[in-house]
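A.B. asks: To start, I am sharing the structure in question, which I have written as structure tokens.
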Amino acid sequence: MLEQLSSHLQWWESSRVLRGRLYPLSSPSVFFSTHRTLHAANDGPKSLSDTPPPRRPFSRVTEEDLTFFRTLLPDRTITDPDLLESSNVDWLKSVKGSSEVLLRPQTTEEVSQILRYCNSHNLAVNPQGGNTGLVGGSVPVYDEIVLSTSLMNNILHFDDVSGILTCQSGCILENLSLYLEERGHIMPLDLGAKGSCQIGGNVATNAGGLRLLRYGSLHGTVLGLEVVLADGRVLDCLSTLRKDNTGYDLKQLFIGSEGTLGVITAVSILCPQKPKSINVVFLGCETFEQLLKTFQLSRRMLGEILSAYEFLDSECLNLLKTHLKLHNPISDCPFYIVIETQGSDPNHDEEKLHNFLEQAMTSSLVVDGTVATEEGKIKALWSMRERITEALRHDGFTYKYDISLPVERIYQLVTDMRQHLGGRAKSVVGYGHVGDGNLHLNITSPAKNPTLLAAIEPFVYEWTAKFQGSISAEHGLGLKKRNYIHYSKSSQAVALMGTIKAMLDPNGILNPYKTLPDNLK
Amino acid sequence: MSGRVLVGVKRVIDYAVKIRVKPDNSGVVTDGVKHSMNPFCEIAVEEAVKLKEKKLIKEVVAVSCGPQQAQETIRTALAMGADRGIHVEVTGKDYDTLGPLQVSKILAALAKKEEAQLVILGKQAIDDDCNQTGQMTAALLDWPQGTFASEVALENDKVKVVREIDGGLETIKISTPAVLTADLRLNTPRYATLPNIMKAKKKKIANVKPADLGVELTSRMLGKYRGVTGKRKERATQQSRVEEWTILPNIHRTIL
């Protein structure tokens with residue numbers, strides 16, 4: 001039965017990953033044959049993710065330009081190099097730009113005027129939210145003007161009957177969560193960067209996060225957007241309707257466009273009810289197969305209350321112990337699972353949870369575990385998963401890979417990578433949203449190491465393509481992965497993306513050098 | 001020596017919960033609010049279980065006083081490693097006026113009945129911050145007390161206790177039977193692991209009434225007023241602002 005399930009899963013995962021709306025899903029054989037041509041078509045130059053392309057012939061910022069900006073945004077046009085430092089470097093401290101101007105508009109109208117000016121003066125613009133992206137997409141490559149949404153942080157409206165929130169794109173995710181929690185609701189997404197990331201950036205990167213299993217992706221929960229296009233035109237698609245089938249759904253283009261098709265200035269999003277009962281379980285498994293069987297069991301027995309299913313391996317736990325002095329809540333095991341349930345009745349949920357745990361223990365799927373119902377303990381258990389990124393940063397320079405794979409293949413990539421690298425890397429760890437088929441593979445070394453990088457790439461991308469996975473499940477392409485798009489998308493698809501980009505941004509001023517590969521056009 | 005340790009555990013509002021005062025100022029909202037074991041009681045349980053694991057004592061008995069829900073707290077102690085539980089049933093008005101004096105009378109009676117070698121409690125509860133039960137229990141039993149313990153070492157029939165005091169650390173040696181109260185740095189409480197949670201379901205919790213122990217629960221307090229002091233008093237009258245308080249209200253008591 002597992003074989004049947006795994007081949008079905010493989011087909012399902014690959015069809016999901018390629019968002020096969022262009023391919024008829026009814027006939028798997030047709031699907032797979034078009035698949036196999038995918039990788040062969042990729043014969044563009046494989047530049048290393050570290051190397052940016054040469055600077056395009058954009059204008060450089062002049063005194064005249066600064067005068068315009070200073071008149072439009074008094075006190076909000078920053079040119080001080082010290083203040084610009086944090087906008088020029090990404091969170092991982094892995095890429096650095098040399099922008100000399102940071103603009104901080106407060107209204108959509110200001111954004112519109114900025115873009116109209118930049119478009120007519122051939123000035124490149126880098127939209128920037130919380131700057132927590134992990135693929136170098138949020139910072140300039142050269143001297144692009146940084147357009148920050150940080151001051152556009154007003155909540156515009158909340159309808160507590162329907163749960164629809166409308167706000168400016170610079171609102172910090174955690175602040176939105178706190179606002180909603182006071183009104184009996186929660187945000188449909190949650191990620192480790194919530195204290196800094198902004199909703200506009202989340203939408204622009206189609207962020208996934210820890211609650212995707214339960215509430216789905218932003219493509220479903222975002223009801224409307226207000227976007228400023230490259231030439232300054234304001235596109236008002238800020239609908240707050242659940243259902244609206246009148247014409248093409250334009251907002252979907254901008255969700256996940258990574259700031260290359262327009263600057264998102266306002267978002268309306270559907271927010272779920274705040275659950276009355278939240279439980280978190282931390283379990284230990286001997287093998288990955290048992291972990292997957294536990295997942296099946298949890299879907300069967302916890303079903304509608306399951307809201308997160310995450311995993312981490314023992315190497316992750318060692319990093320948490322070493323660098324952050326966190327203790328293992330249970331005994332040492334090769335794999336750990338974090339399961340969260342959210343429901344409307346604590347008694348019902350506890351009963352479901354106890355039945356599930358009893359079944360998991362008696363059938364030896366799980367060797368140890370602990371349950372938390374109190375807020376303090378819940379936070380402590382979640383930090384075992386959420387703080388891995390932080391621990392990795394302390395471990396050294398991190399090479400991060402965010403891969404979607406058929407669920408049963410997820411850990412195989414980690415073991416194959418360990419074997420392939422031998423002792424060349426300091427740590428090779430795997431963790432992630434196993435419930436969504438998403439692995440976060442991380443490799444650390446004491447310092448940036450080009451030989452190590454050459455060993456990792458393109459091995460990791462070829463491995464992923466072999467199983468029809470995605471080379472970037474939720475992090476996006478940004479700067480670092482733009483040239484690997486062919487591992488997961490056909491050349492026809494990429495060409496059509498180029499056509500759309502050229503139509504919406506003919507001068508290519510919006511977030512250049514990112515998302516689309518260099519060899520386009 | 002019997003090798004039996006009595007651990008008192010109290011069910012309180014979880015420390016991470018935002019406290020809300022009732023609109024009529026009669027108390028804080030407890031309905032539907034998350035409750036859990038008092039953090040200092042957790043430390044006390046952990047210490048008792050540790051002593052058992054070192055084979056220095058034989059049995060850990062968890063005790064809680066209150067209504068039916070107190071059993072949940074006892075179950076948590078059982079899941080951490082306690083052997084059995086005693087639920088002293090106190091409900092209604094008696095529960096409203098239950099304070100350190102009444103609890104220490106109950107614990108003293110139980111300590112005698114169970115022939116306990118040690119009584120370990122948390123130094124104070126996070127809801128009333130009284131820091132009185134341990135001391136009163138020792139006095140009622142006429143036993144030595146080691147309070148604010150940050151280190152406990154059993155040496156034959158004596159206990160060495162390192163106490164956290166204002167001037168630093170004080171080490172005392174007291175004879176058993178004795179009462180100890182746990183301070184923050186005594187240990188880090190373990191997570192209740194699944195195998196133990198499953199085992200705990202089978203452990204026994206005995207039901208006892210205060211009258212069975214010969215304890216009178218009458219309170220000597222005249223009444224309690226919960227209010228808000230200082231500048232916040234102006235805001236207190238506006239119904240809509242009740243929710244915004246983050247300061248715990250002051251409790252004024254008059255004791256005869």
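Chain identifiers are assigned as A, B, and so on, following the order in which chains appear in the structure tokens; residues are numbered from 1 within each chain, and ligands are numbered from 1 in order of appearance.
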Env of Phe69 in chain A: 12 Å cut, atoms = only C-alpha atoms, seq-sep filter 2 positions within chain, self excluded. Answer as a VMD selection string.
C.D. replies: chain A and resid 61 to 67 71 to 79 101 to 105 110 to 111 113 to 118 145 147
A.B. asks: Need the shell around range 445-447 of chain A: protein/DNA/RNA residues with any atom at most 6 Å away, counting only C-alpha atoms. Skip same-chain ones fewer than 3 positions apart. Format as an MDAnalysis selection string?
C.D. replies: chainID A and resid 396:397 425:426
A.B. asks: Could you save the residues just selected, with N, CA, C and O atoms, as an mmCIF file, in the first residue's frame?
C.D. replies:
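Done, and the output landed in part.cif:
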```
data_model
loop_
_atom_site.group_PDB
_atom_site.id
_atom_site.type_symbol
_atom_site.label_atom_id
_atom_site.label_comp_id
_atom_site.auth_asym_id
_atom_site.auth_seq_id
_atom_site.Cartn_x
_atom_site.Cartn_y
_atom_site.Cartn_z
ATOM 1 N N GLY A 396 28.145 29.112 11.282
ATOM 2 C CA GLY A 396 29.091 29.495 10.246
ATOM 3 C C GLY A 396 28.359 30.064 9.053
ATOM 4 O O GLY A 396 27.192 30.442 9.140
ATOM 5 N N PHE A 397 29.033 30.095 7.902
ATOM 6 C CA PHE A 397 28.393 30.565 6.681
ATOM 7 C C PHE A 397 27.438 29.473 6.200
ATOM 8 O O PHE A 397 27.813 28.322 6.094
ATOM 9 N N ALA A 425 32.041 19.801 4.395
ATOM 10 C CA ALA A 425 31.163 20.777 5.046
ATOM 11 C C ALA A 425 31.239 20.603 6.548
ATOM 12 O O ALA A 425 31.589 19.527 7.042
ATOM 13 N N LYS A 426 30.889 21.670 7.275
ATOM 14 C CA LYS A 426 30.913 21.575 8.738
ATOM 15 C C LYS A 426 29.679 20.814 9.218
ATOM 16 O O LYS A 426 29.787 19.839 9.930
#
```
A.B. asks: Pull out every residue of chain A that has at least one atom within 10 Å of chain B, counting only C-alpha atoms, and report them as a PyMOL selection string.
C.D. replies: chain A and resi 182+276-277+281-283+327-331+346+354+357-358+361-362+366-377+379
A.B. asks: Compile the contact shell of Ala149 in chain B as a PDB file with N, CA, C and O atoms, in the first residue's frame: residues with an atom at most 6 Å away, counting only C-alpha atoms, same-chain residues fewer than 4 positions apart removed.
C.D. replies:
```
ATOM      1  N   VAL B 162      21.012  24.901  50.499  1.00  0.00           N
ATOM      2  CA  VAL B 162      21.603  26.200  50.181  1.00  0.00           C
ATOM      3  C   VAL B 162      20.441  27.135  49.862  1.00  0.00           C
ATOM      4  O   VAL B 162      19.643  26.848  48.980  1.00  0.00           O
ATOM      5  N   ARG B 163      20.325  28.212  50.626  1.00  0.00           N
ATOM      6  CA  ARG B 163      19.176  29.101  50.500  1.00  0.00           C
ATOM      7  C   ARG B 163      19.572  30.381  49.793  1.00  0.00           C
ATOM      8  O   ARG B 163      20.670  30.905  50.024  1.00  0.00           O
ATOM      9  N   ALA B 182      10.970  25.366  47.233  1.00  0.00           N
ATOM     10  CA  ALA B 182      11.851  25.437  46.074  1.00  0.00           C
ATOM     11  C   ALA B 182      11.904  26.841  45.496  1.00  0.00           C
ATOM     12  O   ALA B 182      10.874  27.483  45.300  1.00  0.00           O
ATOM     13  N   ASP B 183      13.136  27.294  45.221  1.00  0.00           N
ATOM     14  CA  ASP B 183      13.313  28.569  44.540  1.00  0.00           C
ATOM     15  C   ASP B 183      13.648  28.301  43.072  1.00  0.00           C
ATOM     16  O   ASP B 183      13.866  27.177  42.666  1.00  0.00           O
TER      17      ASP B 183
END
```
A.B. asks: Could you please write out, as a PyMOL selection string, every residue of range 68-162 of chain B that DSSP assigns to helix (DSSP H, G or I)?
C.D. replies: chain B and resi 70-80+92-96+100-113+133-141
A.B. asks: In Å, rounded to a single decimal, give me how far CA of Asp436 in chain A is from CA of Gly209 in chain A.
C.D. replies: 10.0 Å
A.B. asks: Please report the interatomic distance between CA of Val267 in chain A and CA of Leu212 in chain A in Å with one decimal.
C.D. replies: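 CA of Leu212 in chain A lies at a distance of 18.4 Å from CA of Val267 in chain A.
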A.B. asks: In range 274-323 of chain A, what's strand (DSSP E) per DSSP? Answer as a list in words?
C.D. replies: Ser277, Ile278, Asn279, Val280, Val281, Phe282, Leu283, Gly284, Cys285, Leu306, Ser307, Ala308, Tyr309, Glu310, Phe311, Leu312 and Asp313 of chain A
A.B. asks: Restricting the output to all heavy atoms, write the selected residues as a short mmCIF file (atom, residue, chain, number, x, y, z; two decimals), in the first residue's frame.
C.D. replies:
```
data_model
loop_
_atom_site.label_atom_id
_atom_site.label_comp_id
_atom_site.auth_asym_id
_atom_site.auth_seq_id
_atom_site.Cartn_x
_atom_site.Cartn_y
_atom_site.Cartn_z
N SER A 277 -8.40 26.35 21.16
CA SER A 277 -7.54 25.35 21.75
C SER A 277 -6.34 25.10 20.85
O SER A 277 -6.49 24.79 19.68
CB SER A 277 -8.36 24.06 21.92
OG SER A 277 -7.59 22.93 21.67
N ILE A 278 -5.16 25.29 21.39
CA ILE A 278 -3.93 25.02 20.65
C ILE A 278 -3.11 24.03 21.44
O ILE A 278 -2.89 24.20 22.64
CB ILE A 278 -3.09 26.30 20.45
CG1 ILE A 278 -3.90 27.37 19.74
CG2 ILE A 278 -1.84 25.98 19.63
CD1 ILE A 278 -3.14 28.65 19.51
N ASN A 279 -2.67 22.99 20.78
CA ASN A 279 -1.79 22.02 21.42
C ASN A 279 -0.58 21.81 20.55
O ASN A 279 -0.67 21.83 19.33
CB ASN A 279 -2.50 20.66 21.59
CG ASN A 279 -3.66 20.75 22.54
OD1 ASN A 279 -3.52 21.17 23.68
ND2 ASN A 279 -4.83 20.39 22.07
N VAL A 280 0.56 21.59 21.17
CA VAL A 280 1.76 21.29 20.40
C VAL A 280 2.36 20.01 20.95
O VAL A 280 2.42 19.80 22.16
CB VAL A 280 2.79 22.43 20.49
CG1 VAL A 280 4.10 22.02 19.82
CG2 VAL A 280 2.25 23.67 19.81
N VAL A 281 2.75 19.15 20.04
CA VAL A 281 3.34 17.86 20.41
C VAL A 281 4.73 17.79 19.82
O VAL A 281 4.93 18.18 18.67
CB VAL A 281 2.48 16.71 19.84
CG1 VAL A 281 3.06 15.39 20.24
CG2 VAL A 281 1.06 16.83 20.30
N PHE A 282 5.67 17.32 20.61
CA PHE A 282 7.04 17.14 20.12
C PHE A 282 7.34 15.66 20.21
O PHE A 282 7.30 15.09 21.29
CB PHE A 282 7.99 17.96 21.02
CG PHE A 282 9.38 18.08 20.47
CD1 PHE A 282 9.66 18.99 19.46
CD2 PHE A 282 10.42 17.31 20.97
CE1 PHE A 282 10.95 19.13 18.96
CE2 PHE A 282 11.71 17.44 20.47
CZ PHE A 282 11.98 18.35 19.46
N LEU A 283 7.60 15.02 19.06
CA LEU A 283 7.76 13.57 19.05
C LEU A 283 9.13 13.18 18.51
O LEU A 283 9.75 13.92 17.75
CB LEU A 283 6.70 12.93 18.14
CG LEU A 283 5.24 13.20 18.51
CD1 LEU A 283 4.32 12.67 17.42
CD2 LEU A 283 4.90 12.56 19.84
N GLY A 284 9.57 11.98 18.88
CA GLY A 284 10.83 11.47 18.37
C GLY A 284 10.61 10.17 17.63
O GLY A 284 9.87 9.30 18.08
N CYS A 285 11.25 10.05 16.46
CA CYS A 285 11.12 8.83 15.64
C CYS A 285 12.49 8.25 15.35
O CYS A 285 13.48 8.97 15.26
CB CYS A 285 10.48 9.14 14.28
SG CYS A 285 8.74 9.47 14.38
N LEU A 306 -5.52 19.39 12.58
CA LEU A 306 -4.08 19.46 12.33
C LEU A 306 -3.74 20.80 11.68
O LEU A 306 -4.33 21.18 10.68
CB LEU A 306 -3.69 18.31 11.39
CG LEU A 306 -2.21 18.06 11.12
CD1 LEU A 306 -1.50 17.69 12.40
CD2 LEU A 306 -2.06 16.96 10.09
N SER A 307 -2.78 21.55 12.28
CA SER A 307 -2.46 22.84 11.67
C SER A 307 -0.99 22.98 11.29
O SER A 307 -0.63 23.88 10.55
CB SER A 307 -2.87 23.99 12.59
OG SER A 307 -2.07 23.99 13.74
N ALA A 308 -0.13 22.12 11.79
CA ALA A 308 1.27 22.17 11.37
C ALA A 308 1.91 20.81 11.60
O ALA A 308 1.60 20.12 12.57
CB ALA A 308 2.04 23.24 12.14
N TYR A 309 2.77 20.41 10.67
CA TYR A 309 3.50 19.14 10.80
C TYR A 309 4.92 19.40 10.31
O TYR A 309 5.18 19.40 9.11
CB TYR A 309 2.82 18.04 9.99
CG TYR A 309 3.29 16.65 10.34
CD1 TYR A 309 2.60 15.87 11.26
CD2 TYR A 309 4.43 16.12 9.74
CE1 TYR A 309 3.03 14.61 11.60
CE2 TYR A 309 4.87 14.85 10.07
CZ TYR A 309 4.17 14.09 11.00
OH TYR A 309 4.60 12.83 11.33
N GLU A 310 5.83 19.64 11.22
CA GLU A 310 7.20 20.01 10.87
C GLU A 310 8.17 18.94 11.36
O GLU A 310 7.88 18.22 12.31
CB GLU A 310 7.56 21.33 11.56
CG GLU A 310 6.63 22.47 11.22
CD GLU A 310 6.94 23.09 9.89
OE1 GLU A 310 8.13 23.32 9.61
OE2 GLU A 310 6.00 23.32 9.10
N PHE A 311 9.34 18.87 10.71
CA PHE A 311 10.31 17.91 11.22
C PHE A 311 11.69 18.57 11.35
O PHE A 311 11.96 19.62 10.74
CB PHE A 311 10.37 16.69 10.29
CG PHE A 311 11.44 16.76 9.24
CD1 PHE A 311 12.63 16.06 9.39
CD2 PHE A 311 11.26 17.52 8.10
CE1 PHE A 311 13.61 16.11 8.41
CE2 PHE A 311 12.24 17.59 7.12
CZ PHE A 311 13.42 16.87 7.28
N LEU A 312 12.54 17.96 12.16
CA LEU A 312 13.95 18.35 12.20
C LEU A 312 14.76 17.10 12.50
O LEU A 312 14.25 16.14 13.08
CB LEU A 312 14.22 19.44 13.25
CG LEU A 312 13.65 19.28 14.64
CD1 LEU A 312 14.66 19.73 15.68
CD2 LEU A 312 12.41 20.17 14.76
N ASP A 313 16.04 17.09 12.09
CA ASP A 313 16.84 15.91 12.35
C ASP A 313 17.73 16.13 13.57
O ASP A 313 17.77 17.23 14.15
CB ASP A 313 17.63 15.49 11.11
CG ASP A 313 18.61 16.54 10.63
OD1 ASP A 313 18.88 17.51 11.37
OD2 ASP A 313 19.11 16.40 9.50
#
```
